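Please read the structure below before turning to the comments.
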2 protein chains.
Amino acid sequence: MVTPQPFADRLADAVLSKRSPLVVGLDPFLERLPRALRDQAARDHADPREAAAQATRVFFETVLEQVAPHVCAVKPQSAFFETMGPAGTAVWEQLIRHAHDLDLLVIGDVKRGDIGSTARAYAQAHLSGPGACDAVTVNPYMGSDSVLPFLEVADETGGGAFVLVRTSNPSAAELQDRELASGARVHESVADLVAEWGAGRRASCGFSNVGAVVGATVPDELAALRSRLPHAWFLVPGVGAQGGSARDVAPAFDARGLGAVVNSSRGILYAFGAPETEQWQHAIGNAARELAAELREASGALAAPPR
Amino acid sequence: MVTPQPFADRLADAVLSKRSPLVVGLDPFLERLPRALRDQAARDHADPREAAAQATRVFFETVLEQVAPHVCAVKPQSAFFETMGPAGTAVWEQLIRHAHDLDLLVIGDVKRGDIGSTARAYAQAHLSGPGACDAVTVNPYMGSDSVLPFLEVADETGGGAFVLVRTSNPSAAELQDRELASGARVHESVADLVAEWGAGRRASCGFSNVGAVVGATVPDELAALRSRLPHAWFLVPGVGAQGGSARDVAPAFDARGLGAVVNSSRGILYAFGAPETEQWQHAIGNAARELAAELREASGALAAPPR
């Protein structure tokens, strides 16, 4: 059996070859999709979930082609697909395969968390088989029992996991920023677990297959967590709609421009404006190109032309 | 519009009418299903996921009929269904509807956790529409932003949510038992959030639509959390395979025998033993009846014949 190339190295290669740490989130808000696609889907399917799934599939096929030159990976968000029932699951898998056909990495934003054989089932569902992503997001609240099964499956498939550490939403502080008796905060103790889980999983690029989700909305914490977790890839949400800027992410990059990938969803997907817009396609590619350029600048090293 | 009856009251009615706080978890471990069902499914479907989905559907239709007299609710576990792709999503929904046809409540064990419009999409997927459960499990790591959207949808549908507070797995302690600077432990601060979220959501039975997942493997903590959260329904996993006993759950019940529902999965589902067993059906019903009787005894009040 050929040992698969580790996720951390595949991500490094993708960032360097695209000169872009940008990830586009695939969040299908039905009411924001181009009207023409929705109308066509409604004519084709009486079942509203089938219609929604078709509109989603057609829209995101174009999105993938538009953004492919400018992004290292895409991040489908499972919640929206789950609202469409079995048709949503089918589209979820189709888009993952389409992204792979375009040589894009896929980070499945599933934020799953359960234990033992249940966690293993989640990992198998999302890191292997016909719906295999390259990496998934996982929730650490239940501890190692809920994370290690993902890492074990990832070890077999050349996959990765991004553990929620400090998220970008306002109420993240309610639990994640609580101070522990040790003096550390809750999210810092989760960061220490991430370091532990990743210790035996470092790839040639210097980063581990066990990454961390760290929001861009708290730049000071991003810098502090960078020091605390020097070998973890960061998946950074919160740029754009949530208020973070490309510059806020600068502390997350190393001297090569590696170490962080930055997600934007709505600012790119719906850059065309109103659903009635007829020529919506290029606005998406342009928005991805512009944000990729800003992030390239913020990253330092990637701004230099490739040697 | 008719206001739906609140989940907390529907659960109280189900416990009192069945005289049983037992919940059966629906965890389809493919290799433990009766061999005859798997062989038939493999003959009917070349696609292994379609075959797995058929075997799962046929098995759990019988499980639901066998356990219906002895349980107040069932708890399908989404991880296993997700391994079967679109066919798994279809079976997930079919089993939810079949359980409802048998007047069973359905607690979707999805442990989702995300924020804002994404959390709302998860809630809509699992508390409304063709795959609507009566309640779902949710993960609190991201704070109110991730829980309130579920509660808002639940308010509209007469649904409920069980928030992970202190889970039953060994590594739960890594994060949930860490001591905070305030002196409380992490899971106690989550319990306080649960009390806050549930405060405006108490139903006639005295309990709220916002419940808590509290493991049976830590009886002292179960009693302490009962005092801390007097108005929350507890969903208690960990009895049976995970080492907790019916007696361990006694502190969770109030004088009426209400306040906790207790999940068992593998001890009931696979009570028939080896997959080769031909007469497997009644073993499942018998195991459910026996554990329901033990829990009825442990609960005190439910042991008395109904007035």
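Ligands are numbered from 1 in the order shown, chains are lettered A, B, ... in the order of the structure tokens, and residues start at 1 in each chain.
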> Among stretch 119-193 of chain B, which residues carry a DSSP assignment of strand (DSSP E or B), reported as a list of chain:residue names?
Replying inline: B:Ala135, B:Val136, B:Thr137, B:Val138, B:Gly160, B:Ala161, B:Phe162, B:Val163, B:Leu164, B:Val165, B:Arg166, B:Glu179, B:Leu180, B:Arg185
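Shell of stretch 11-18 of chain B at 7 Å, with only C-alpha atoms counted and residues fewer than 4 places along the chain excluded, is Phe7, Pro69, His70, Val71, Cys72, Cys205 and Leu258 of chain B.
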>> as a ChimeraX atom specification, please: every residue in stretch 205-243 of chain B that a backbone DSSP assignment puts in alpha helix (DSSP H).
In response: /B:219-228
Output N, CA and C atoms for every residue in the selection just made, as a short mmCIF file (atom, residue, chain, number, x, y, z; two decimals), in the first residue's frame.
```
data_model
loop_
_atom_site.label_atom_id
_atom_site.label_comp_id
_atom_site.auth_asym_id
_atom_site.auth_seq_id
_atom_site.Cartn_x
_atom_site.Cartn_y
_atom_site.Cartn_z
N PRO B 219 -21.83 9.21 39.06
CA PRO B 219 -23.03 9.41 39.87
C PRO B 219 -22.97 10.63 40.78
N ASP B 220 -21.82 10.94 41.36
CA ASP B 220 -21.74 12.11 42.24
C ASP B 220 -22.03 13.38 41.47
N GLU B 221 -21.47 13.43 40.26
CA GLU B 221 -21.70 14.64 39.46
C GLU B 221 -23.14 14.73 39.00
N LEU B 222 -23.76 13.58 38.78
CA LEU B 222 -25.17 13.57 38.39
C LEU B 222 -26.01 14.21 39.49
N ALA B 223 -25.75 13.85 40.74
CA ALA B 223 -26.50 14.41 41.87
C ALA B 223 -26.23 15.91 42.00
N ALA B 224 -24.95 16.30 41.86
CA ALA B 224 -24.60 17.71 42.00
C ALA B 224 -25.25 18.54 40.89
N LEU B 225 -25.27 17.98 39.69
CA LEU B 225 -25.87 18.72 38.58
C LEU B 225 -27.39 18.78 38.72
N ARG B 226 -27.99 17.74 39.32
CA ARG B 226 -29.44 17.78 39.57
C ARG B 226 -29.78 18.99 40.44
N SER B 227 -28.97 19.25 41.50
CA SER B 227 -29.23 20.41 42.35
C SER B 227 -29.00 21.71 41.59
N ARG B 228 -27.99 21.71 40.77
CA ARG B 228 -27.63 22.94 40.05
C ARG B 228 -28.64 23.27 38.96
#
```
>> Please identify all residues of chain B having at least one atom at most 8 Å from any atom of chain A, considering only C-alpha atoms, and return them as number ranges by chain.
In response: B: 79-80, 82-90, 111-115, 118-119, 121-122, 124-126, 130-131, 139-145, 167, 169-176, 178-183, 186, 189-190
>> Quick one: residues within 12 Å of A:Asp248, only C-alpha atoms, excluding same-chain residues fewer than 4 positions away - as JSON, numbers by chain?
In response: {"A": [214, 215, 216, 217, 218, 219, 220, 221, 222, 223, 236, 237, 238, 239, 240, 243, 244, 252, 253, 262, 294, 295, 297, 298, 299]}
